[in-house]
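With CSV, C-alpha atoms and all ligand atoms inside, this is final_3.csv:
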chain,number,residue,atom,x,y,z
L,1,MET,CA,-5.3,-3.1,7.3
L,2,LEU,CA,-1.6,-3.5,6.5
L,3,ILE,CA,-0.1,-2.7,3.1
L,4,ALA,CA,3.5,-2.9,2.1
L,5,HIS,CA,5.3,-0.4,-0.1
L,6,ILE,CA,8.3,-1.8,-1.9
L,7,SER,CA,10.4,-0.6,-4.8
L,8,ASP,CA,13.4,-1.0,-7.1
L,9,PHE,CA,14.2,-4.8,-7.1
L,10,HIS,CA,16.1,-4.5,-10.4
L,11,VAL,CA,16.2,-8.3,-10.8
L,12,PHE,CA,18.0,-9.6,-13.8
L,13,ALA,CA,18.1,-13.1,-15.3
L,14,HIS,CA,21.5,-13.0,-16.9
L,15,ALA,CA,23.6,-9.8,-16.4
L,16,ALA,CA,22.8,-6.5,-14.7
L,17,GLU,CA,22.5,-3.5,-17.0
L,18,THR,CA,23.3,-1.1,-14.1
L,19,SER,CA,26.8,-1.5,-12.7
L,20,ILE,CA,25.8,-0.7,-9.1
L,21,VAL,CA,23.1,-3.3,-8.9
L,22,ARG,CA,24.2,-6.0,-6.5
L,23,ALA,CA,25.1,-9.3,-8.1
L,24,ASP,CA,22.6,-11.2,-5.9
L,25,ALA,CA,19.7,-8.8,-6.5
L,26,ALA,CA,17.3,-11.7,-7.1
L,27,ASP,CA,18.3,-13.3,-3.7
L,28,ALA,CA,17.8,-9.9,-2.0
L,29,ALA,CA,14.4,-9.6,-3.6
L,30,ARG,CA,13.4,-13.1,-2.4
L,31,LYS,CA,14.3,-12.1,1.2
L,32,VAL,CA,12.0,-9.0,1.0
L,33,ILE,CA,9.2,-11.1,-0.4
L,34,ALA,CA,9.6,-13.8,2.2
L,35,ASP,CA,9.4,-11.1,4.9
L,36,ILE,CA,6.2,-9.8,3.5
L,37,ALA,CA,4.6,-13.2,2.9
L,38,THR,CA,5.3,-14.3,6.5
L,39,PHE,CA,4.6,-11.0,8.3
L,40,THR,CA,2.0,-11.2,11.1
L,41,PRO,CA,-0.7,-9.9,11.0
L,42,LYS,CA,-1.1,-10.5,7.3
L,43,ILE,CA,-0.1,-7.8,4.8
L,44,GLU,CA,-3.1,-7.5,2.6
L,45,ALA,CA,-1.8,-5.7,-0.4
L,46,ILE,CA,1.5,-4.6,-1.9
L,47,MET,CA,2.4,-1.4,-3.7
L,48,PHE,CA,5.5,-1.9,-5.9
L,49,THR,CA,6.7,1.4,-7.3
L,50,GLY,CA,8.9,0.5,-10.3
L,51,ASP,CA,12.2,-0.8,-11.5
L,52,LEU,CA,10.9,-4.3,-10.9
L,53,THR,CA,13.6,-5.5,-13.3
L,54,ASP,CA,16.9,-4.1,-14.3
L,55,GLY,CA,16.7,-4.7,-18.1
L,56,GLY,CA,13.1,-5.5,-18.8
L,57,SER,CA,13.7,-8.7,-20.9
L,58,SER,CA,11.1,-11.5,-20.9
L,59,GLU,CA,13.6,-13.6,-19.0
L,60,ASP,CA,13.8,-10.9,-16.3
L,61,TYR,CA,10.0,-10.8,-16.0
L,62,ALA,CA,9.9,-14.6,-15.8
L,63,LEU,CA,12.4,-14.4,-12.9
L,64,LEU,CA,10.4,-11.7,-11.2
L,65,GLY,CA,7.3,-13.9,-11.5
L,66,ASP,CA,9.1,-16.7,-9.7
L,67,ILE,CA,10.3,-14.3,-7.0
L,68,LEU,CA,6.7,-12.9,-6.4
L,69,ALA,CA,5.2,-16.4,-6.4
L,70,PRO,CA,5.0,-16.7,-2.5
L,71,ILE,CA,2.7,-13.6,-2.5
L,72,ASN,CA,-1.1,-14.4,-2.5
L,73,VAL,CA,-2.4,-10.9,-2.1
L,74,PRO,CA,-3.0,-8.2,-4.7
L,75,ILE,CA,0.2,-6.5,-6.0
L,76,PHE,CA,-0.2,-3.0,-7.6
L,77,VAL,CA,2.8,-2.1,-9.8
L,78,VAL,CA,4.0,0.8,-11.9
L,79,PRO,CA,7.0,0.6,-14.3
L,80,GLY,CA,10.3,2.3,-13.6
L,81,ASN,CA,12.9,3.6,-16.1
L,82,HIS,CA,14.6,0.2,-16.1
L,83,ASP,CA,11.4,-1.7,-17.0
L,84,LYS,CA,10.1,-2.2,-20.5
L,85,ARG,CA,6.4,-1.8,-21.3
L,86,ALA,CA,6.0,-4.9,-23.4
L,87,GLY,CA,7.2,-7.4,-20.9
L,88,PHE,CA,5.7,-5.5,-18.0
L,89,ARG,CA,2.2,-5.5,-19.6
L,90,ALA,CA,2.5,-9.1,-20.6
L,91,MET,CA,3.3,-10.1,-17.0
L,92,PHE,CA,0.5,-8.1,-15.3
L,93,ASP,CA,-2.2,-7.9,-18.0
L,94,ASP,CA,-4.4,-10.5,-16.4
L,95,LYS,CA,-4.1,-8.9,-12.9
L,96,LEU,CA,-4.3,-5.2,-13.4
L,97,PRO,CA,-6.8,-3.1,-15.5
L,98,PHE,CA,-4.3,-1.2,-17.7
L,99,GLU,CA,-5.7,1.5,-20.0
L,100,PRO,CA,-5.5,0.6,-23.7
L,101,GLY,CA,-2.8,2.3,-25.7
L,102,HIS,CA,0.9,3.0,-25.0
L,103,PHE,CA,0.9,3.9,-21.3
L,104,LEU,CA,0.5,1.5,-18.4
L,105,ASN,CA,-1.8,3.7,-16.3
L,106,TYR,CA,-4.7,2.2,-14.5
L,107,GLU,CA,-7.3,2.9,-11.8
L,108,ALA,CA,-8.0,0.1,-9.3
L,109,ARG,CA,-9.6,-0.4,-5.9
L,110,PHE,CA,-8.4,-2.2,-2.9
L,111,LYS,CA,-11.2,-2.2,-0.2
L,112,ASP,CA,-11.9,1.5,0.4
L,113,ILE,CA,-8.7,2.7,-1.3
L,114,ARG,CA,-8.6,4.0,-4.8
L,115,ILE,CA,-5.3,3.4,-6.6
L,116,LEU,CA,-4.2,5.6,-9.5
L,117,ALA,CA,-1.1,4.1,-11.1
L,118,LEU,CA,0.9,6.4,-13.3
L,119,ASP,CA,3.4,5.3,-15.9
L,120,THR,CA,6.2,7.9,-15.8
L,121,LEU,CA,8.6,5.9,-18.0
L,122,LEU,CA,10.3,7.9,-20.8
L,123,ASP,CA,12.0,5.5,-23.1
L,124,GLY,CA,15.7,5.7,-23.0
L,125,GLN,CA,15.9,8.2,-20.2
L,126,VAL,CA,16.6,8.0,-16.5
L,127,HIS,CA,14.3,10.9,-15.6
L,128,GLY,CA,10.5,10.6,-15.8
L,129,ALA,CA,7.7,12.3,-17.6
L,130,LEU,CA,4.0,12.8,-17.7
L,131,SER,CA,2.7,13.7,-21.2
L,132,GLU,CA,-0.5,15.7,-21.9
L,133,VAL,CA,-2.3,12.4,-22.5
L,134,GLN,CA,-1.3,11.2,-19.1
L,135,LEU,CA,-2.1,14.4,-17.3
L,136,SER,CA,-5.6,14.6,-19.0
L,137,TRP,CA,-6.3,11.1,-17.8
L,138,LEU,CA,-5.2,12.0,-14.2
L,139,GLU,CA,-7.3,15.2,-14.3
L,140,GLU,CA,-10.4,13.2,-15.2
L,141,LYS,CA,-9.8,11.0,-12.2
L,142,LEU,CA,-9.1,13.8,-9.7
L,143,VAL,CA,-11.6,16.4,-10.8
L,144,ALA,CA,-14.4,15.0,-8.6
L,145,PRO,CA,-14.1,15.3,-4.8
L,146,SER,CA,-13.6,12.0,-3.1
L,147,LYS,CA,-14.1,10.9,0.5
L,148,ASP,CA,-12.1,7.7,-0.1
L,149,LEU,CA,-8.3,7.7,0.2
L,150,THR,CA,-6.5,8.0,-3.2
L,151,LEU,CA,-3.1,6.4,-3.4
L,152,ILE,CA,-1.1,7.6,-6.4
L,153,LEU,CA,1.7,5.2,-7.5
L,154,MET,CA,4.5,6.6,-9.7
L,155,HIS,CA,8.1,5.5,-10.0
L,156,HIS,CA,9.6,9.0,-10.5
L,157,PRO,CA,8.9,11.2,-7.5
L,158,ALA,CA,7.3,14.6,-8.3
L,159,PHE,CA,8.2,15.7,-4.8
L,160,PRO,CA,11.7,16.6,-3.8
L,161,SER,CA,14.0,14.3,-1.9
L,162,THR,CA,16.3,17.4,-1.5
L,163,ILE,CA,19.1,15.1,-2.6
L,164,ALA,CA,19.7,17.5,-5.5
L,165,PRO,CA,21.4,15.3,-8.1
L,166,LEU,CA,18.8,12.6,-7.6
L,167,ASP,CA,16.0,15.1,-7.9
L,168,HIS,CA,17.3,16.1,-11.3
L,169,MET,CA,16.7,12.5,-12.4
L,170,ALA,CA,13.1,12.4,-11.0
L,171,LEU,CA,9.9,13.6,-12.6
L,172,GLN,CA,10.7,16.4,-15.1
L,173,ASP,CA,8.2,16.9,-17.9
L,174,GLY,CA,4.6,17.5,-16.6
L,175,ARG,CA,5.7,18.1,-13.1
L,176,ASP,CA,4.1,21.5,-12.6
L,177,THR,CA,0.7,20.4,-14.0
L,178,PHE,CA,0.8,17.3,-11.9
L,179,GLU,CA,1.4,19.4,-8.8
L,180,ARG,CA,-1.5,21.6,-9.7
L,181,LEU,CA,-3.8,18.6,-10.2
L,182,ILE,CA,-3.0,17.0,-6.8
L,183,VAL,CA,-3.2,20.3,-4.9
L,184,ASN,CA,-6.6,21.1,-6.4
L,185,HIS,CA,-8.0,17.6,-5.6
L,186,GLN,CA,-10.5,17.6,-2.8
L,187,GLY,CA,-10.0,14.4,-0.9
L,188,PRO,CA,-7.4,12.5,1.1
L,189,LEU,CA,-4.5,11.6,-1.2
L,190,ARG,CA,-1.0,10.1,-0.7
L,191,ILE,CA,1.8,9.5,-3.2
L,192,LEU,CA,4.1,6.5,-3.2
L,193,SER,CA,7.3,6.4,-5.4
L,194,GLY,CA,10.7,4.8,-5.8
L,195,HIS,CA,13.7,5.6,-8.0
L,196,ILE,CA,15.7,7.4,-5.3
L,197,HIS,CA,17.0,4.2,-3.7
L,198,ARG,CA,16.8,5.5,-0.2
L,199,PRO,CA,13.7,5.4,1.9
L,200,PHE,CA,12.3,8.7,3.0
L,201,GLN,CA,9.0,10.4,3.7
L,202,THR,CA,7.9,13.9,3.2
L,203,LEU,CA,5.0,16.3,3.3
L,204,TRP,CA,4.7,18.1,-0.1
L,205,ASN,CA,2.0,20.7,-0.4
L,206,GLY,CA,0.6,19.1,2.7
L,207,ILE,CA,0.4,15.7,1.0
L,208,PHE,CA,2.1,12.7,2.5
L,209,CYS,CA,4.6,11.2,0.0
L,210,ALA,CA,7.1,8.4,0.4
L,211,VAL,CA,9.9,6.6,-1.4
L,212,SER,CA,10.6,3.0,-0.4
L,213,GLY,CA,14.1,1.6,-0.2
L,214,GLY,CA,15.5,-0.4,-3.1
L,215,PRO,CA,17.2,-3.7,-2.1
L,216,ALA,CA,19.3,-3.7,-5.3
L,217,PHE,CA,21.4,-0.8,-4.1
L,218,GLN,CA,21.1,2.1,-1.7
L,219,HIS,CA,22.3,5.7,-2.2
L,220,ALA,CA,24.1,7.6,0.6
L,221,LEU,CA,22.4,10.5,2.3
L,222,THR,CA,23.9,13.6,0.6
L,223,LEU,CA,22.0,16.8,1.4
L,224,ASP,CA,24.7,19.2,0.2
L,225,PRO,CA,23.0,21.0,-2.7
L,226,ALA,CA,26.3,21.1,-4.6
L,227,ALA,CA,27.1,17.4,-4.2
L,228,ALA,CA,27.6,15.1,-7.2
L,229,GLU,CA,25.5,12.0,-7.5
L,230,PRO,CA,25.6,10.1,-4.2
L,231,THR,CA,27.7,7.0,-3.9
L,232,THR,CA,26.1,3.8,-2.7
L,233,VAL,CA,26.2,2.6,0.9
L,234,THR,CA,25.6,-0.7,2.7
L,235,GLU,CA,23.2,0.7,5.2
L,236,PRO,CA,20.4,-1.6,6.4
L,237,TYR,CA,17.6,-2.1,3.8
L,238,ALA,CA,14.1,-1.0,4.7
L,239,TYR,CA,10.6,-1.0,3.1
L,240,PHE,CA,7.5,0.6,4.6
L,241,ILE,CA,4.4,-1.0,6.1
L,242,HIS,CA,1.4,1.2,6.3
L,243,ARG,CA,-1.3,0.4,8.9
L,244,ILE,CA,-4.3,2.2,7.5
L,245,SER,CA,-7.1,2.8,9.9
L,246,ASP,CA,-9.3,4.9,7.6
L,247,GLU,CA,-8.8,7.5,5.0
L,248,ARG,CA,-7.6,10.0,7.5
L,249,ASN,CA,-5.3,7.9,9.7
L,250,VAL,CA,-2.3,5.8,9.0
L,251,SER,CA,0.8,4.7,10.9
L,252,ILE,CA,3.9,4.0,8.8
L,253,HIS,CA,6.5,1.6,10.0
L,254,THR,CA,10.0,1.1,8.7
L,255,ARG,CA,10.6,-2.6,8.3
L,256,TYR,CA,14.2,-3.7,8.1
L,257,VAL,CA,15.2,-6.8,6.2
L,258,GLU,CA,18.7,-8.3,6.4
L,259,LEU,CA,19.8,-8.9,2.8
B,301,FE,FE,15.9,2.0,-9.5

So that I can check it, write out the structure of this file as structure tokens.
Amino acid sequence: MLIAHISDFHVFAHAAETSIVRADAADAARKVIADIATFTPKIEAIMFTGDLTDGGSSEDYALLGDILAPINVPIFVVPGNHDKRAGFRAMFDDKLPFEPGHFLNYEARFKDIRILALDTLLDGQVHGALSEVQLSWLEEKLVAPSKDLTLILMHHPAFPSTIAPLDHMALQDGRDTFERLIVNHQGPLRILSGHIHRPFQTLWNGIFCAVSGGPAFQHALTLDPAAAEPTTVTEPYAYFIHRISDERNVSIHTRYVEL
């Protein structure tokens, strides 16, 4: 089975909120979606880890809906710091089993995979958070051992990229408890995130974690711990295709798309 992991489209209907988002972000997003829709063999599901839109207006989500129209497989999404919960919920409410209440968490299944989607959006902030409510919900889901693969989707990485200024903008509140929960879980687990705008993969506490590239802009690779926030670069854009054989085996391919 093939699944795609994409992130950070930042599409906008009128004007970008973020100065470094490319002016043709919608066109770039359409190219990524066209690549997924026409890939052979068929990509059977898409994991989209946040910042779907740049400003979160209803017009932005309408544009996103048009961009995603060529996709006829399930799309599992989480909000990023640039999304807005109202428009996000309105767009996906008939497709995803959101929990009632403020947060856009949900548990879903795709074949033998359990998907736990976590809403790390903290209104008005760039960094992410998991509240006590969120962590209790997650603990309930992870307390029982599971033989099936669990995929956690969350926009803000809890794991380090080691690009220090970007890690300061990642998951902050609730991070230690989150780490304890996933380390204690008995069963295969992987974490997919976005936010960093640079594709990378890591083992964190022995757990496979990945951030997919963002077509709207890409950060330079800056591993100096004293560095300021990375500038943007025009390196080739890539998303990830996971070929999942079973809960223990996966090959992860870097798929480049010319934007
Ligand atoms: Fe982003």

Legend entry - Test item: which residues lie within 12 Å of (4.0, 19.6, -13.2) counting only C-alpha atoms, as number ranges by chain: L: 128-132, 134-135, 138, 157-159, 170-183

Inset, instruction - Excluding stretch 94-102 of chain L and residues on its chain fewer than 4 positions from it, collect all residues at most 10 Å away from it, counting all atoms listed in the file, and give them as a PyMOL selection string. - result: chain L and resi 74-77+85-86+89-90+106-108+117+119+137

Go ahead and save the picked residues with C-alpha atoms, as a compact mmCIF listing (two decimals), in the frame of the given file.
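File part_21.txt, as written:
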# COMPACT_ATOMS: atom_id res chain seq x y z
CA PRO L 74 -3.00 -8.20 -4.70
CA ILE L 75 0.20 -6.50 -6.00
CA PHE L 76 -0.20 -3.00 -7.60
CA VAL L 77 2.80 -2.10 -9.80
CA ARG L 85 6.40 -1.80 -21.30
CA ALA L 86 6.00 -4.90 -23.40
CA ARG L 89 2.20 -5.50 -19.60
CA ALA L 90 2.50 -9.10 -20.60
CA TYR L 106 -4.70 2.20 -14.50
CA GLU L 107 -7.30 2.90 -11.80
CA ALA L 108 -8.00 0.10 -9.30
CA ALA L 117 -1.10 4.10 -11.10
CA ASP L 119 3.40 5.30 -15.90
CA TRP L 137 -6.30 11.10 -17.80

Inset, instruction - Could you check how far atom CA of L:Phe240 sits from atom CA of L:Ile163, in Å to one decimal? - result: 19.9 Å

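Taking atom CA of L:Arg30 and atom CA of L:Thr222 as the two end points, the separation is 28.8 Å.
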
Inset, instruction - Return as a list in words the residues of protein, DNA or RNA that approach ligand FE 301 (chain B) to within 6 Å, with only C-alpha atoms and all ligand atoms taken into account. - result: Asp8, Asp51 and His195 of chain L

Just the selected residues (C-alpha atoms), exported as a PDB file, in the frame of the given file, please.
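Result file is selection13.pdb:
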ATOM      1  CA  ASP L   8      13.400  -1.000  -7.100  1.00  0.00           C
ATOM      2  CA  ASP L  51      12.200  -0.800 -11.500  1.00  0.00           C
ATOM      3  CA  HIS L 195      13.700   5.600  -8.000  1.00  0.00           C
TER       4      HIS L 195
END

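For the set L:Asp54, L:His156, L:Thr49, L:Ile43, the residue with the smallest atom-to-atom gap to L:Ala16 is L:Asp54, counting all atoms listed in the file.
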
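With distances taken over all atoms listed in the file, L:Ala210 is the one residue among L:Ile20, L:Leu223, L:Ala210, L:Ala164 lying closest to L:His242.
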
Legend entry - Pick from L:His14, L:Trp204, L:Ala216, L:Val250 nearest to L:Tyr237, counting all atoms listed in the file: L:Ala216

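Nearest-residue note for L:Asp93: choosing from L:Met154, L:Pro70, L:Asn105, L:Leu2, the minimum distance belongs to L:Asn105, counting all atoms listed in the file.
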
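Take the candidates L:Glu258, L:Asp246, L:Glu139, L:Asp123 and check each one against L:Asp27 using all atoms listed in the file; the shortest distance goes to L:Glu258.
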
As a PDB file, in the frame of the given file, please: stretch 24-60 of chain L completed to N, CA and C atoms.
ATOM      1  N   ASP L  24      23.634 -10.262  -6.389  1.00  0.00           N
ATOM      2  CA  ASP L  24      22.600 -11.200  -5.900  1.00  0.00           C
ATOM      3  C   ASP L  24      21.264 -10.456  -5.704  1.00  0.00           C
ATOM      4  N   ALA L  25      20.927  -9.578  -6.650  1.00  0.00           N
ATOM      5  CA  ALA L  25      19.700  -8.800  -6.500  1.00  0.00           C
ATOM      6  C   ALA L  25      18.461  -9.703  -6.422  1.00  0.00           C
ATOM      7  N   ALA L  26      18.462 -10.822  -7.119  1.00  0.00           N
ATOM      8  CA  ALA L  26      17.300 -11.700  -7.100  1.00  0.00           C
ATOM      9  C   ALA L  26      17.179 -12.348  -5.666  1.00  0.00           C
ATOM     10  N   ASP L  27      18.304 -12.728  -5.077  1.00  0.00           N
ATOM     11  CA  ASP L  27      18.300 -13.300  -3.700  1.00  0.00           C
ATOM     12  C   ASP L  27      17.780 -12.254  -2.714  1.00  0.00           C
ATOM     13  N   ALA L  28      18.255 -11.020  -2.874  1.00  0.00           N
ATOM     14  CA  ALA L  28      17.800  -9.900  -2.000  1.00  0.00           C
ATOM     15  C   ALA L  28      16.309  -9.738  -2.106  1.00  0.00           C
ATOM     16  N   ALA L  29      15.810  -9.756  -3.340  1.00  0.00           N
ATOM     17  CA  ALA L  29      14.400  -9.600  -3.600  1.00  0.00           C
ATOM     18  C   ALA L  29      13.583 -10.724  -2.924  1.00  0.00           C
ATOM     19  N   ARG L  30      14.099 -11.937  -3.023  1.00  0.00           N
ATOM     20  CA  ARG L  30      13.400 -13.100  -2.400  1.00  0.00           C
ATOM     21  C   ARG L  30      13.291 -12.911  -0.897  1.00  0.00           C
ATOM     22  N   LYS L  31      14.314 -12.331  -0.290  1.00  0.00           N
ATOM     23  CA  LYS L  31      14.300 -12.100   1.200  1.00  0.00           C
ATOM     24  C   LYS L  31      13.196 -11.104   1.533  1.00  0.00           C
ATOM     25  N   VAL L  32      13.071 -10.063   0.724  1.00  0.00           N
ATOM     26  CA  VAL L  32      12.000  -9.000   1.000  1.00  0.00           C
ATOM     27  C   VAL L  32      10.651  -9.684   0.845  1.00  0.00           C
ATOM     28  N   ILE L  33      10.465 -10.449  -0.214  1.00  0.00           N
ATOM     29  CA  ILE L  33       9.200 -11.100  -0.400  1.00  0.00           C
ATOM     30  C   ILE L  33       8.851 -12.105   0.656  1.00  0.00           C
ATOM     31  N   ALA L  34       9.849 -12.846   1.097  1.00  0.00           N
ATOM     32  CA  ALA L  34       9.600 -13.800   2.200  1.00  0.00           C
ATOM     33  C   ALA L  34       9.191 -13.082   3.456  1.00  0.00           C
ATOM     34  N   ASP L  35       9.795 -11.929   3.701  1.00  0.00           N
ATOM     35  CA  ASP L  35       9.400 -11.100   4.900  1.00  0.00           C
ATOM     36  C   ASP L  35       7.984 -10.686   4.822  1.00  0.00           C
ATOM     37  N   ILE L  36       7.568 -10.223   3.661  1.00  0.00           N
ATOM     38  CA  ILE L  36       6.200  -9.800   3.500  1.00  0.00           C
ATOM     39  C   ILE L  36       5.216 -10.930   3.618  1.00  0.00           C
ATOM     40  N   ALA L  37       5.562 -12.041   2.980  1.00  0.00           N
ATOM     41  CA  ALA L  37       4.600 -13.200   2.900  1.00  0.00           C
ATOM     42  C   ALA L  37       4.427 -13.805   4.304  1.00  0.00           C
ATOM     43  N   THR L  38       5.400 -13.653   5.205  1.00  0.00           N
ATOM     44  CA  THR L  38       5.300 -14.300   6.500  1.00  0.00           C
ATOM     45  C   THR L  38       4.990 -13.323   7.631  1.00  0.00           C
ATOM     46  N   PHE L  39       4.811 -12.049   7.279  1.00  0.00           N
ATOM     47  CA  PHE L  39       4.600 -11.000   8.300  1.00  0.00           C
ATOM     48  C   PHE L  39       3.231 -11.286   8.987  1.00  0.00           C
ATOM     49  N   THR L  40       3.196 -11.056  10.310  1.00  0.00           N
ATOM     50  CA  THR L  40       2.000 -11.200  11.100  1.00  0.00           C
ATOM     51  C   THR L  40       1.675  -9.898  11.809  1.00  0.00           C
ATOM     52  N   PRO L  41       0.431  -9.381  11.760  1.00  0.00           N
ATOM     53  CA  PRO L  41      -0.700  -9.900  11.000  1.00  0.00           C
ATOM     54  C   PRO L  41      -0.459  -9.747   9.482  1.00  0.00           C
ATOM     55  N   LYS L  42      -1.339 -10.349   8.745  1.00  0.00           N
ATOM     56  CA  LYS L  42      -1.100 -10.500   7.300  1.00  0.00           C
ATOM     57  C   LYS L  42      -1.088  -9.128   6.601  1.00  0.00           C
ATOM     58  N   ILE L  43      -0.119  -8.967   5.749  1.00  0.00           N
ATOM     59  CA  ILE L  43      -0.100  -7.800   4.800  1.00  0.00           C
ATOM     60  C   ILE L  43      -1.031  -8.112   3.700  1.00  0.00           C
ATOM     61  N   GLU L  44      -1.996  -7.201   3.490  1.00  0.00           N
ATOM     62  CA  GLU L  44      -3.100  -7.500   2.600  1.00  0.00           C
ATOM     63  C   GLU L  44      -2.964  -7.068   1.177  1.00  0.00           C
ATOM     64  N   ALA L  45      -2.007  -6.175   0.939  1.00  0.00           N
ATOM     65  CA  ALA L  45      -1.800  -5.700  -0.400  1.00  0.00           C
ATOM     66  C   ALA L  45      -0.360  -5.140  -0.502  1.00  0.00           C
ATOM     67  N   ILE L  46       0.178  -5.120  -1.716  1.00  0.00           N
ATOM     68  CA  ILE L  46       1.500  -4.600  -1.900  1.00  0.00           C
ATOM     69  C   ILE L  46       1.521  -3.556  -3.007  1.00  0.00           C
ATOM     70  N   MET L  47       2.168  -2.436  -2.717  1.00  0.00           N
ATOM     71  CA  MET L  47       2.400  -1.400  -3.700  1.00  0.00           C
ATOM     72  C   MET L  47       3.852  -1.424  -4.098  1.00  0.00           C
ATOM     73  N   PHE L  48       4.108  -1.621  -5.386  1.00  0.00           N
ATOM     74  CA  PHE L  48       5.500  -1.900  -5.900  1.00  0.00           C
ATOM     75  C   PHE L  48       5.759  -0.762  -6.909  1.00  0.00           C
ATOM     76  N   THR L  49       6.635   0.195  -6.512  1.00  0.00           N
ATOM     77  CA  THR L  49       6.700   1.400  -7.300  1.00  0.00           C
ATOM     78  C   THR L  49       7.908   1.458  -8.279  1.00  0.00           C
ATOM     79  N   GLY L  50       8.038   0.408  -9.074  1.00  0.00           N
ATOM     80  CA  GLY L  50       8.900   0.500 -10.300  1.00  0.00           C
ATOM     81  C   GLY L  50      10.288  -0.040 -10.168  1.00  0.00           C
ATOM     82  N   ASP L  51      10.913  -0.129 -11.368  1.00  0.00           N
ATOM     83  CA  ASP L  51      12.200  -0.800 -11.500  1.00  0.00           C
ATOM     84  C   ASP L  51      12.101  -2.225 -10.910  1.00  0.00           C
ATOM     85  N   LEU L  52      11.057  -2.926 -11.364  1.00  0.00           N
ATOM     86  CA  LEU L  52      10.900  -4.300 -10.900  1.00  0.00           C
ATOM     87  C   LEU L  52      12.047  -5.145 -11.459  1.00  0.00           C
ATOM     88  N   THR L  53      12.439  -4.847 -12.713  1.00  0.00           N
ATOM     89  CA  THR L  53      13.600  -5.500 -13.300  1.00  0.00           C
ATOM     90  C   THR L  53      14.641  -4.530 -13.704  1.00  0.00           C
ATOM     91  N   ASP L  54      15.843  -5.047 -13.982  1.00  0.00           N
ATOM     92  CA  ASP L  54      16.900  -4.100 -14.300  1.00  0.00           C
ATOM     93  C   ASP L  54      17.003  -3.885 -15.835  1.00  0.00           C
ATOM     94  N   GLY L  55      16.590  -4.891 -16.616  1.00  0.00           N
ATOM     95  CA  GLY L  55      16.700  -4.700 -18.100  1.00  0.00           C
ATOM     96  C   GLY L  55      15.417  -4.861 -18.843  1.00  0.00           C
ATOM     97  N   GLY L  56      14.399  -5.441 -18.216  1.00  0.00           N
ATOM     98  CA  GLY L  56      13.100  -5.500 -18.800  1.00  0.00           C
ATOM     99  C   GLY L  56      12.927  -6.600 -19.894  1.00  0.00           C
ATOM    100  N   SER L  57      13.812  -7.601 -19.913  1.00  0.00           N
ATOM    101  CA  SER L  57      13.700  -8.700 -20.900  1.00  0.00           C
ATOM    102  C   SER L  57      12.583  -9.664 -20.408  1.00  0.00           C
ATOM    103  N   SER L  58      12.128 -10.517 -21.331  1.00  0.00           N
ATOM    104  CA  SER L  58      11.100 -11.500 -20.900  1.00  0.00           C
ATOM    105  C   SER L  58      11.686 -12.457 -19.883  1.00  0.00           C
ATOM    106  N   GLU L  59      12.991 -12.750 -19.976  1.00  0.00           N
ATOM    107  CA  GLU L  59      13.600 -13.600 -19.000  1.00  0.00           C
ATOM    108  C   GLU L  59      13.634 -12.921 -17.592  1.00  0.00           C
ATOM    109  N   ASP L  60      13.857 -11.609 -17.613  1.00  0.00           N
ATOM    110  CA  ASP L  60      13.800 -10.900 -16.300  1.00  0.00           C
ATOM    111  C   ASP L  60      12.458 -10.929 -15.703  1.00  0.00           C
TER     112      ASP L  60
END
